[in-house]
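Pasting run.txt here (compact mmCIF, C-alpha atoms):
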# COMPACT_ATOMS: atom_id res chain seq x y z
CA MET A 931 -35.18 23.97 42.75
CA THR A 932 -37.62 23.03 45.51
CA SER A 933 -37.49 21.99 49.15
CA ASN A 934 -39.25 18.68 49.70
CA PRO A 935 -39.13 16.46 52.83
CA ALA A 936 -40.58 13.28 51.31
CA PRO A 937 -38.57 10.02 51.34
CA ALA A 938 -36.49 9.40 48.24
CA LYS A 939 -36.20 6.43 45.91
CA VAL A 940 -33.84 5.84 43.00
CA GLU A 941 -34.51 2.39 41.60
CA LEU A 942 -32.91 0.47 38.76
CA GLU A 943 -34.95 -2.48 37.55
CA PRO A 944 -35.27 -4.56 34.38
CA HIS A 945 -38.12 -3.84 32.01
CA PRO A 946 -40.67 -6.68 32.33
CA GLY A 947 -40.63 -7.26 28.58
CA ASP A 948 -36.86 -7.53 28.20
CA GLU A 949 -34.31 -7.62 31.02
CA ARG A 950 -31.68 -6.09 28.73
CA LEU A 951 -33.51 -2.74 29.13
CA ALA A 952 -33.21 -1.07 32.54
CA ILE A 953 -35.65 1.47 33.94
CA LEU A 954 -34.02 4.05 36.21
CA ARG A 955 -36.90 5.50 38.20
CA ILE A 956 -36.68 8.59 40.43
CA GLN A 957 -39.40 9.02 43.05
CA ARG A 958 -39.77 11.78 45.62
CA HIS A 959 -43.22 13.33 45.90
CA PRO A 960 -44.33 15.75 44.63
CA VAL A 961 -41.76 16.99 42.06
CA ASN A 962 -38.69 14.77 42.58
CA ALA A 963 -36.48 17.38 44.24
CA LEU A 964 -33.04 15.79 44.55
CA ASP A 965 -31.94 15.56 48.18
CA GLN A 966 -28.50 14.35 49.19
CA GLN A 967 -29.73 10.81 49.77
CA MET A 968 -30.72 10.77 46.11
CA TRP A 969 -27.29 12.08 45.12
CA ASP A 970 -25.75 9.03 46.79
CA LEU A 971 -28.33 6.67 45.29
CA LEU A 972 -27.74 8.07 41.80
CA GLU A 973 -24.00 7.52 42.18
CA THR A 974 -24.61 3.91 43.28
CA VAL A 975 -26.93 3.23 40.35
CA ALA A 976 -24.61 4.82 37.80
CA THR A 977 -21.69 2.76 39.10
CA GLU A 978 -23.84 -0.37 38.82
CA LEU A 979 -24.46 0.36 35.15
CA HIS A 980 -20.72 0.34 34.44
CA SER A 981 -20.38 -3.16 35.89
CA SER A 982 -23.60 -4.62 34.43
CA THR A 983 -23.29 -7.43 31.92
CA THR A 984 -27.06 -7.56 31.38
CA TYR A 985 -28.30 -4.05 30.73
CA ARG A 986 -27.71 -2.63 27.26
CA ALA A 987 -30.05 0.38 27.34
CA VAL A 988 -31.57 2.53 30.08
CA VAL A 989 -34.70 4.68 30.26
CA ILE A 990 -34.56 7.39 32.94
CA THR A 991 -37.91 8.59 34.24
CA GLY A 992 -39.41 10.51 37.12
CA GLY A 993 -43.05 9.98 36.21
CA GLU A 994 -45.19 13.11 36.31
CA HIS A 995 -42.08 15.25 36.87
CA PHE A 996 -38.59 14.28 35.76
CA ALA A 997 -36.73 16.06 38.57
CA ALA A 998 -37.12 19.60 39.89
CA GLY A 999 -33.52 20.21 40.93
CA ALA A 1000 -31.68 20.12 44.23
CA ASP A 1001 -33.33 20.50 47.62
CA VAL A 1002 -32.31 24.10 48.40
CA LYS A 1003 -33.40 24.07 52.05
CA GLU A 1004 -31.12 21.10 52.69
CA MET A 1005 -28.20 22.85 50.99
CA LEU A 1006 -28.45 25.85 53.34
CA GLY A 1007 -27.14 23.77 56.23
CA LEU A 1008 -23.82 23.01 54.52
CA SER A 1009 -20.53 24.86 54.87
CA PRO A 1010 -18.81 25.81 51.59
CA GLU A 1011 -16.32 22.98 52.14
CA ALA A 1012 -19.05 20.44 52.82
CA PHE A 1013 -21.09 21.65 49.86
CA GLY A 1014 -18.08 21.34 47.57
CA GLN A 1015 -17.51 17.77 48.68
CA ARG A 1016 -21.19 16.87 48.35
CA ASN A 1017 -21.53 18.54 44.94
CA ARG A 1018 -18.73 16.35 43.63
CA VAL A 1019 -20.85 13.32 44.54
CA LEU A 1020 -23.64 14.45 42.22
CA GLN A 1021 -21.18 15.55 39.54
CA LYS A 1022 -19.51 12.14 39.73
CA ALA A 1023 -22.89 10.38 39.53
CA PHE A 1024 -23.93 12.26 36.40
CA HIS A 1025 -20.52 11.75 34.79
CA ALA A 1026 -20.76 8.02 35.50
CA LEU A 1027 -24.21 7.99 33.90
CA ALA A 1028 -22.99 9.97 30.87
CA THR A 1029 -20.07 7.57 30.35
CA ALA A 1030 -22.03 4.36 31.04
CA PRO A 1031 -21.70 1.84 28.20
CA GLN A 1032 -25.47 1.54 27.79
CA ILE A 1033 -27.53 3.74 25.46
CA THR A 1034 -29.48 6.07 27.77
CA ILE A 1035 -32.79 7.84 27.11
CA ALA A 1036 -34.35 10.47 29.36
CA ALA A 1037 -38.17 10.43 29.35
CA ILE A 1038 -39.01 13.99 30.41
CA ASN A 1039 -42.37 15.08 31.70
CA GLY A 1040 -43.06 18.12 33.86
CA TYR A 1041 -40.09 19.81 35.46
CA ALA A 1042 -36.47 19.07 34.54
CA LEU A 1043 -34.77 21.96 36.31
CA GLY A 1044 -31.35 22.51 37.83
CA GLY A 1045 -29.91 19.13 38.76
CA GLY A 1046 -32.86 17.50 37.03
CA CYS A 1047 -31.91 19.18 33.76
CA GLU A 1048 -28.28 18.17 34.33
CA LEU A 1049 -29.43 14.58 34.79
CA ALA A 1050 -31.26 14.77 31.45
CA LEU A 1051 -28.18 16.28 29.80
CA ALA A 1052 -26.17 13.24 30.90
CA ALA A 1053 -28.39 10.95 28.79
CA ASP A 1054 -27.67 10.10 25.16
CA PHE A 1055 -31.20 11.09 24.07
CA ARG A 1056 -34.01 13.20 25.54
CA ILE A 1057 -37.70 12.69 24.72
CA GLY A 1058 -39.92 15.45 26.08
CA GLY A 1059 -43.63 15.85 26.69
CA ARG A 1060 -45.46 18.96 25.53
CA GLY A 1061 -45.87 20.09 29.13
CA ALA A 1062 -42.18 19.72 29.98
CA VAL A 1063 -40.20 22.66 31.33
CA LEU A 1064 -36.40 22.50 31.32
CA GLY A 1065 -33.77 24.90 32.54
CA LEU A 1066 -30.81 25.73 34.73
CA PRO A 1067 -32.10 28.43 37.12
CA GLU A 1068 -29.14 28.36 39.54
CA ILE A 1069 -28.00 31.87 38.58
CA THR A 1070 -31.25 33.27 40.05
CA LEU A 1071 -30.16 31.83 43.41
CA GLY A 1072 -26.75 33.43 43.21
CA ILE A 1073 -24.95 30.21 42.30
CA MET A 1074 -24.33 28.34 39.04
CA PRO A 1075 -24.82 24.83 37.62
CA GLY A 1076 -22.29 22.50 39.21
CA SER A 1077 -23.10 18.96 38.08
CA GLY A 1078 -22.23 19.12 34.41
CA GLY A 1079 -24.58 21.84 33.18
CA THR A 1080 -21.91 24.35 32.15
CA GLN A 1081 -20.07 21.65 30.21
CA ARG A 1082 -22.76 19.45 28.64
CA LEU A 1083 -25.30 22.10 27.68
CA SER A 1084 -22.90 23.89 25.33
CA ARG A 1085 -22.06 20.60 23.64
CA ILE A 1086 -25.76 20.04 22.97
CA VAL A 1087 -27.20 23.50 22.13
CA GLY A 1088 -24.01 25.41 21.25
CA LEU A 1089 -21.99 27.98 23.16
CA ALA A 1090 -24.24 31.02 22.72
CA GLY A 1091 -27.38 29.01 23.48
CA ALA A 1092 -25.85 27.61 26.64
CA LYS A 1093 -24.77 31.05 27.82
CA ASP A 1094 -28.27 32.38 27.20
CA LEU A 1095 -29.94 29.67 29.26
CA ILE A 1096 -27.38 29.59 32.07
CA LEU A 1097 -26.77 33.33 32.44
CA THR A 1098 -30.49 34.17 32.46
CA GLY A 1099 -31.66 31.06 34.30
CA ARG A 1100 -34.84 31.23 32.27
CA PRO A 1101 -37.13 28.20 31.88
CA VAL A 1102 -37.46 26.59 28.46
CA ARG A 1103 -40.76 25.10 27.39
CA ALA A 1104 -40.88 21.96 25.30
CA GLU A 1105 -41.38 23.55 21.88
CA GLU A 1106 -38.33 25.77 22.28
CA ALA A 1107 -36.35 22.91 23.79
CA LEU A 1108 -36.99 20.90 20.61
CA ARG A 1109 -36.07 23.84 18.38
CA ILE A 1110 -32.70 24.43 20.05
CA GLY A 1111 -31.86 20.73 20.37
CA LEU A 1112 -32.25 20.46 24.14
CA ILE A 1113 -34.69 17.62 23.51
CA ASP A 1114 -34.61 15.31 20.50
CA GLN A 1115 -38.29 14.39 20.20
CA LEU A 1116 -41.52 16.07 21.32
CA LEU A 1117 -44.64 14.04 22.10
CA ASP A 1118 -47.87 14.26 24.04
CA ASP A 1119 -47.13 13.85 27.74
CA ALA A 1120 -48.93 10.51 27.95
CA ASP A 1121 -46.77 9.02 25.17
CA VAL A 1122 -43.30 9.98 26.43
CA PHE A 1123 -42.47 6.97 28.60
CA ASP A 1124 -43.78 4.40 26.12
CA ALA A 1125 -41.82 6.03 23.30
CA ALA A 1126 -38.66 6.00 25.42
CA VAL A 1127 -39.18 2.32 26.22
CA GLU A 1128 -39.75 1.50 22.56
CA ARG A 1129 -36.50 3.19 21.61
CA GLY A 1130 -34.74 1.58 24.56
CA LEU A 1131 -35.86 -1.88 23.49
CA TYR A 1132 -34.55 -1.19 19.99
CA TYR A 1133 -31.10 -0.41 21.37
CA ALA A 1134 -31.21 -3.21 23.95
CA ARG A 1135 -31.71 -5.78 21.19
CA GLY A 1136 -28.96 -4.36 19.01
CA PRO A 1137 -25.39 -5.56 18.52
CA LEU A 1138 -22.40 -5.10 20.79
CA ALA A 1139 -21.29 -2.55 18.19
CA LEU A 1140 -23.70 -0.01 19.71
CA ARG A 1141 -21.56 0.12 22.84
CA TYR A 1142 -18.37 0.56 20.83
CA ALA A 1143 -19.92 3.20 18.54
CA LYS A 1144 -21.05 5.24 21.56
CA GLN A 1145 -17.54 5.00 23.00
CA ALA A 1146 -15.98 6.15 19.73
CA ILE A 1147 -18.32 9.15 19.42
CA ASP A 1148 -18.10 10.30 23.05
CA ASN A 1149 -14.41 9.70 23.67
CA GLY A 1150 -13.36 10.92 20.24
CA PHE A 1151 -15.32 14.18 20.44
CA ASP A 1152 -12.57 16.18 22.16
CA MET A 1153 -9.60 14.27 20.74
CA PRO A 1154 -7.38 15.44 17.88
CA ILE A 1155 -8.74 13.82 14.72
CA GLU A 1156 -5.74 11.48 14.47
CA ASP A 1157 -6.38 10.08 17.96
CA GLY A 1158 -10.08 9.77 17.25
CA LEU A 1159 -9.41 7.83 14.08
CA ALA A 1160 -7.04 5.51 15.93
CA LEU A 1161 -9.74 4.87 18.54
CA GLU A 1162 -12.28 4.22 15.79
CA ALA A 1163 -9.94 1.76 14.06
CA ASP A 1164 -9.39 -0.16 17.29
CA LEU A 1165 -13.09 -0.35 18.09
CA ILE A 1166 -14.24 -1.46 14.63
CA THR A 1167 -11.71 -4.28 14.86
CA ARG A 1168 -13.30 -5.35 18.13
CA CYS A 1169 -16.71 -5.25 16.44
CA PHE A 1170 -15.43 -7.40 13.58
CA ALA A 1171 -14.05 -9.95 16.04
CA SER A 1172 -17.29 -10.20 18.05
CA GLU A 1173 -19.95 -12.88 17.57
CA ASP A 1174 -22.40 -10.15 16.59
CA GLY A 1175 -20.05 -8.82 13.93
CA GLN A 1176 -19.44 -12.20 12.35
CA HIS A 1177 -23.13 -13.12 12.48
CA GLY A 1178 -24.22 -9.76 11.08
CA LEU A 1179 -21.87 -9.96 8.14
CA ARG A 1180 -22.91 -13.52 7.29
CA SER A 1181 -26.59 -12.64 7.67
CA PHE A 1182 -26.23 -9.71 5.27
CA VAL A 1183 -24.65 -11.95 2.60
CA GLN A 1184 -27.03 -14.87 3.07
CA ASP A 1185 -30.35 -13.19 3.95
CA GLY A 1186 -30.07 -9.54 2.98
CA PRO A 1187 -29.96 -6.35 5.07
CA ARG A 1188 -31.54 -5.94 8.53
CA LYS A 1189 -32.34 -9.62 9.04
CA ALA A 1190 -29.73 -10.35 11.74
CA THR A 1191 -30.64 -10.87 15.39
CA PHE A 1192 -27.87 -10.12 17.87
CA GLN A 1193 -26.76 -11.59 21.18
CA GLY A 1194 -24.73 -8.62 22.38
CA ARG A 1195 -21.39 -10.42 22.43
Here is a file; write its structure as structure tokens.
Amino acid sequence: MTSNPAPAKVELEPHPGDERLAILRIQRHPVNALDQQMWDLLETVATELHSSTTYRAVVITGGEHFAAGADVKEMLGLSPEAFGQRNRVLQKAFHALATAPQITIAAINGYALGGGCELALAADFRIGGRGAVLGLPEITLGIMPGSGGTQRLSRIVGLAGAKDLILTGRPVRAEEALRIGLIDQLLDDADVFDAAVERGLYYARGPLALRYAKQAIDNGFDMPIEDGLALEADLITRCFASEDGQHGLRSFVQDGPRKATFQGR
């Protein structure tokens, strides 16, 4: 968590090689501390993803640093009531990103701390550079994670692991993050963004079924098994009825496996 007066940018733009892949870029020199303007921008961008008919995958990047948490100096000027209202903006933004229909990949270099770590936790996948440092240090400031960290971290690293990281506030370097499942892939820093884009392009060019499969996994996770199976049955029927489903089945019979190209409808 760092105070930082520089102007903020949160931009969502199509990848030049394929407009079905979006790049969500966070920029606030020098370490992408998240001020309240960025909270609002992140909510706007996440809402846009839910209504997009073009984007099918998203790479989230901050460049040299992913995001070094909330701007603490700015927070000091808020009353408890105002802070509670403002925190819900960031919580809502990250929840909207976590539930977006696109497949999301966080490309993590440098710091991903506090709100920056919570942003990474909202993604479907996390690719980290060897110099990355992740963590939820809020407890060392006398507060606690408030934008999804207490809920999403335990679902990713397990209950005991989440309590360890949150209750100590300790930073986690990339090798440990990979070992405990906080990141999914570890690469040299210079390769992180390109690897995230490559994976994003793979998902962006995939069938509509990717969207339905993500929905079944995420929404079914906390359901009783019977409700999850009912959701799964409904969604596979939608896949079967789609152009992609019909084309994929015919392609398998006529041309063999993995030959189909999909239109996302």
query = Near Ser1084 (chain A), counting only C-alpha atoms, which residues have an atom at most 10 Å away, once you skip same-chain residues fewer than 6 positions from it, shown as a list in words?
reply =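 Here the answer would be Ala1090, Gly1091, Ala1092, Lys1093, Leu1095 and Ile1096 of chain A.
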Next on the checklist: Measuring between all atoms listed in the file, which one of A:Ala1107, A:Ala1134, A:Ile1069, A:Leu1020 shows the shortest distance to Ile1033 (chain A)?
Outcome noted: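 Between A:Ala1107, A:Ala1134, A:Ile1069, A:Leu1020, the residue approaching Ile1033 (chain A) most closely is A:Ala1134.
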Within 10 Å of region 1038-1040 of chain A, counting all atoms listed in the file, which residues show up once you throw out same-chain ones fewer than 6 positions away? Write them as a short mmCIF file (atom, residue, chain, number, x, y, z; two decimals) with C-alpha atoms, in the frame of the given file, please.
data_model
loop_
_atom_site.label_atom_id
_atom_site.label_comp_id
_atom_site.auth_asym_id
_atom_site.auth_seq_id
_atom_site.Cartn_x
_atom_site.Cartn_y
_atom_site.Cartn_z
CA VAL A 961 -41.76 16.99 42.06
CA ILE A 990 -34.56 7.39 32.94
CA THR A 991 -37.91 8.59 34.24
CA GLY A 992 -39.41 10.51 37.12
CA GLY A 993 -43.05 9.98 36.21
CA GLU A 994 -45.19 13.11 36.31
CA HIS A 995 -42.08 15.25 36.87
CA PHE A 996 -38.59 14.28 35.76
CA ALA A 997 -36.73 16.06 38.57
CA ALA A 998 -37.12 19.60 39.89
CA GLY A 1046 -32.86 17.50 37.03
CA CYS A 1047 -31.91 19.18 33.76
CA ALA A 1050 -31.26 14.77 31.45
CA ARG A 1056 -34.01 13.20 25.54
CA ILE A 1057 -37.70 12.69 24.72
CA GLY A 1058 -39.92 15.45 26.08
CA GLY A 1059 -43.63 15.85 26.69
CA ARG A 1060 -45.46 18.96 25.53
CA GLY A 1061 -45.87 20.09 29.13
CA ALA A 1062 -42.18 19.72 29.98
CA VAL A 1063 -40.20 22.66 31.33
CA LEU A 1064 -36.40 22.50 31.32
CA ARG A 1103 -40.76 25.10 27.39
CA ALA A 1104 -40.88 21.96 25.30
CA ILE A 1113 -34.69 17.62 23.51
CA LEU A 1116 -41.52 16.07 21.32
CA LEU A 1117 -44.64 14.04 22.10
CA ASP A 1118 -47.87 14.26 24.04
CA ASP A 1119 -47.13 13.85 27.74
CA ALA A 1120 -48.93 10.51 27.95
CA ASP A 1121 -46.77 9.02 25.17
CA VAL A 1122 -43.30 9.98 26.43
CA PHE A 1123 -42.47 6.97 28.60
CA ALA A 1126 -38.66 6.00 25.42
#
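Minimum atom-to-atom distance to Thr1080 (chain A), evaluated using only C-alpha atoms, belongs to A:Leu1097 out of A:Leu1165, A:Leu964, A:Leu1112, A:Leu1097.
Between Val989 (chain A) and the candidates A:Asp1148, A:Asp1164, A:Glu943, A:Glu1106, the tightest atom-to-atom separation, counting all atoms listed in the file, involves A:Glu943.
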Would you list the contacts of Ala1053 (chain A) as an mmCIF file with C-alpha atoms, in the coordinates of the input, taking every protein, DNA or RNA residue within 10 Å and counting only C-alpha atoms, but skipping same-chain residues closer than 4 positions in sequence?
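Output file part12.cif is given in full below:
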data_model
loop_
_atom_site.group_PDB
_atom_site.id
_atom_site.type_symbol
_atom_site.label_atom_id
_atom_site.label_comp_id
_atom_site.auth_asym_id
_atom_site.auth_seq_id
_atom_site.Cartn_x
_atom_site.Cartn_y
_atom_site.Cartn_z
ATOM 1 C CA VAL A 988 -31.570 2.530 30.080
ATOM 2 C CA VAL A 989 -34.700 4.680 30.260
ATOM 3 C CA ILE A 990 -34.560 7.390 32.940
ATOM 4 C CA PHE A 1024 -23.930 12.260 36.400
ATOM 5 C CA HIS A 1025 -20.520 11.750 34.790
ATOM 6 C CA LEU A 1027 -24.210 7.990 33.900
ATOM 7 C CA ALA A 1028 -22.990 9.970 30.870
ATOM 8 C CA THR A 1029 -20.070 7.570 30.350
ATOM 9 C CA ALA A 1030 -22.030 4.360 31.040
ATOM 10 C CA GLN A 1032 -25.470 1.540 27.790
ATOM 11 C CA ILE A 1033 -27.530 3.740 25.460
ATOM 12 C CA THR A 1034 -29.480 6.070 27.770
ATOM 13 C CA ILE A 1035 -32.790 7.840 27.110
ATOM 14 C CA ALA A 1036 -34.350 10.470 29.360
ATOM 15 C CA ALA A 1037 -38.170 10.430 29.350
ATOM 16 C CA GLU A 1048 -28.280 18.170 34.330
ATOM 17 C CA LEU A 1049 -29.430 14.580 34.790
#
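Going from CA of Ser1077 (chain A) to CA of Gln1015 (chain A) covers 12.0 Å.
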Which residues are close to Ala952 (chain A), i.e. within 7 Å by all atoms listed in the file, leaving aside same-chain residues fewer than 2 positions away? Reply as a list in words. Leu942, Glu943, Pro944, His945, Glu949, Arg950, Leu954, Tyr985, Ala987, Val988 and Val989 of chain A
Return region 1089-1100 of chain A, completed with all heavy atoms, as an mmCIF file, in the frame of the given file.
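part.cif, freshly written:
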data_model
loop_
_atom_site.group_PDB
_atom_site.id
_atom_site.type_symbol
_atom_site.label_atom_id
_atom_site.label_comp_id
_atom_site.auth_asym_id
_atom_site.auth_seq_id
_atom_site.Cartn_x
_atom_site.Cartn_y
_atom_site.Cartn_z
ATOM 1 N N LEU A 1089 -22.541 27.109 22.128
ATOM 2 C CA LEU A 1089 -21.990 27.980 23.160
ATOM 3 C C LEU A 1089 -22.907 29.151 23.486
ATOM 4 O O LEU A 1089 -23.199 29.432 24.658
ATOM 5 C CB LEU A 1089 -20.617 28.495 22.693
ATOM 6 C CG LEU A 1089 -19.740 29.136 23.758
ATOM 7 C CD1 LEU A 1089 -19.410 28.147 24.867
ATOM 8 C CD2 LEU A 1089 -18.452 29.668 23.122
ATOM 9 N N ALA A 1090 -23.396 29.848 22.467
ATOM 10 C CA ALA A 1090 -24.240 31.020 22.720
ATOM 11 C C ALA A 1090 -25.561 30.603 23.365
ATOM 12 O O ALA A 1090 -26.052 31.268 24.281
ATOM 13 C CB ALA A 1090 -24.506 31.767 21.418
ATOM 14 N N GLY A 1091 -26.131 29.490 22.888
ATOM 15 C CA GLY A 1091 -27.380 29.010 23.480
ATOM 16 C C GLY A 1091 -27.209 28.631 24.933
ATOM 17 O O GLY A 1091 -28.078 28.922 25.773
ATOM 18 N N ALA A 1092 -26.096 27.998 25.253
ATOM 19 C CA ALA A 1092 -25.850 27.610 26.640
ATOM 20 C C ALA A 1092 -25.671 28.831 27.524
ATOM 21 O O ALA A 1092 -26.197 28.891 28.648
ATOM 22 C CB ALA A 1092 -24.609 26.713 26.706
ATOM 23 N N LYS A 1093 -24.947 29.830 27.029
ATOM 24 C CA LYS A 1093 -24.770 31.050 27.820
ATOM 25 C C LYS A 1093 -26.104 31.747 28.047
ATOM 26 O O LYS A 1093 -26.376 32.253 29.149
ATOM 27 C CB LYS A 1093 -23.799 31.991 27.101
ATOM 28 C CG LYS A 1093 -22.346 31.533 27.184
ATOM 29 C CD LYS A 1093 -21.420 32.504 26.473
ATOM 30 C CE LYS A 1093 -19.965 32.059 26.595
ATOM 31 N NZ LYS A 1093 -19.037 32.975 25.877
ATOM 32 N N ASP A 1094 -26.945 31.770 27.046
ATOM 33 C CA ASP A 1094 -28.270 32.380 27.200
ATOM 34 C C ASP A 1094 -29.050 31.708 28.318
ATOM 35 O O ASP A 1094 -29.556 32.377 29.232
ATOM 36 C CB ASP A 1094 -29.033 32.284 25.881
ATOM 37 C CG ASP A 1094 -30.490 32.708 26.030
ATOM 38 O OD1 ASP A 1094 -30.761 33.700 26.733
ATOM 39 O OD2 ASP A 1094 -31.361 32.034 25.456
ATOM 40 N N LEU A 1095 -29.120 30.382 28.274
ATOM 41 C CA LEU A 1095 -29.940 29.670 29.260
ATOM 42 C C LEU A 1095 -29.340 29.738 30.659
ATOM 43 O O LEU A 1095 -30.053 29.908 31.647
ATOM 44 C CB LEU A 1095 -30.113 28.213 28.836
ATOM 45 C CG LEU A 1095 -30.833 27.977 27.509
ATOM 46 C CD1 LEU A 1095 -31.074 26.489 27.293
ATOM 47 C CD2 LEU A 1095 -32.148 28.731 27.456
ATOM 48 N N ILE A 1096 -28.019 29.609 30.752
ATOM 49 C CA ILE A 1096 -27.380 29.590 32.070
ATOM 50 C C ILE A 1096 -27.303 30.977 32.681
ATOM 51 O O ILE A 1096 -27.553 31.159 33.885
ATOM 52 C CB ILE A 1096 -25.983 28.950 31.965
ATOM 53 C CG1 ILE A 1096 -26.109 27.453 31.652
ATOM 54 C CG2 ILE A 1096 -25.192 29.151 33.256
ATOM 55 C CD1 ILE A 1096 -24.802 26.764 31.331
ATOM 56 N N LEU A 1097 -26.964 31.990 31.890
ATOM 57 C CA LEU A 1097 -26.770 33.330 32.440
ATOM 58 C C LEU A 1097 -28.076 34.052 32.736
ATOM 59 O O LEU A 1097 -28.098 35.000 33.522
ATOM 60 C CB LEU A 1097 -25.911 34.168 31.482
ATOM 61 C CG LEU A 1097 -24.494 33.616 31.212
ATOM 62 C CD1 LEU A 1097 -23.715 34.566 30.316
ATOM 63 C CD2 LEU A 1097 -23.743 33.343 32.505
ATOM 64 N N THR A 1098 -29.178 33.617 32.114
ATOM 65 C CA THR A 1098 -30.490 34.170 32.460
ATOM 66 C C THR A 1098 -31.230 33.285 33.460
ATOM 67 O O THR A 1098 -32.069 33.780 34.220
ATOM 68 C CB THR A 1098 -31.378 34.329 31.218
ATOM 69 O OG1 THR A 1098 -31.646 33.039 30.653
ATOM 70 C CG2 THR A 1098 -30.725 35.218 30.177
ATOM 71 N N GLY A 1099 -30.927 31.992 33.440
ATOM 72 C CA GLY A 1099 -31.660 31.060 34.300
ATOM 73 C C GLY A 1099 -33.097 30.856 33.891
ATOM 74 O O GLY A 1099 -33.900 30.314 34.649
ATOM 75 N N ARG A 1100 -33.431 31.265 32.677
ATOM 76 C CA ARG A 1100 -34.840 31.230 32.270
ATOM 77 C C ARG A 1100 -35.303 29.799 31.975
ATOM 78 O O ARG A 1100 -34.526 28.961 31.505
ATOM 79 C CB ARG A 1100 -35.073 32.117 31.052
ATOM 80 C CG ARG A 1100 -34.398 31.651 29.768
ATOM 81 C CD ARG A 1100 -34.661 32.643 28.635
ATOM 82 N NE ARG A 1100 -34.041 32.215 27.379
ATOM 83 C CZ ARG A 1100 -34.625 31.382 26.519
ATOM 84 N NH1 ARG A 1100 -35.823 30.880 26.769
ATOM 85 N NH2 ARG A 1100 -34.012 31.068 25.396
#
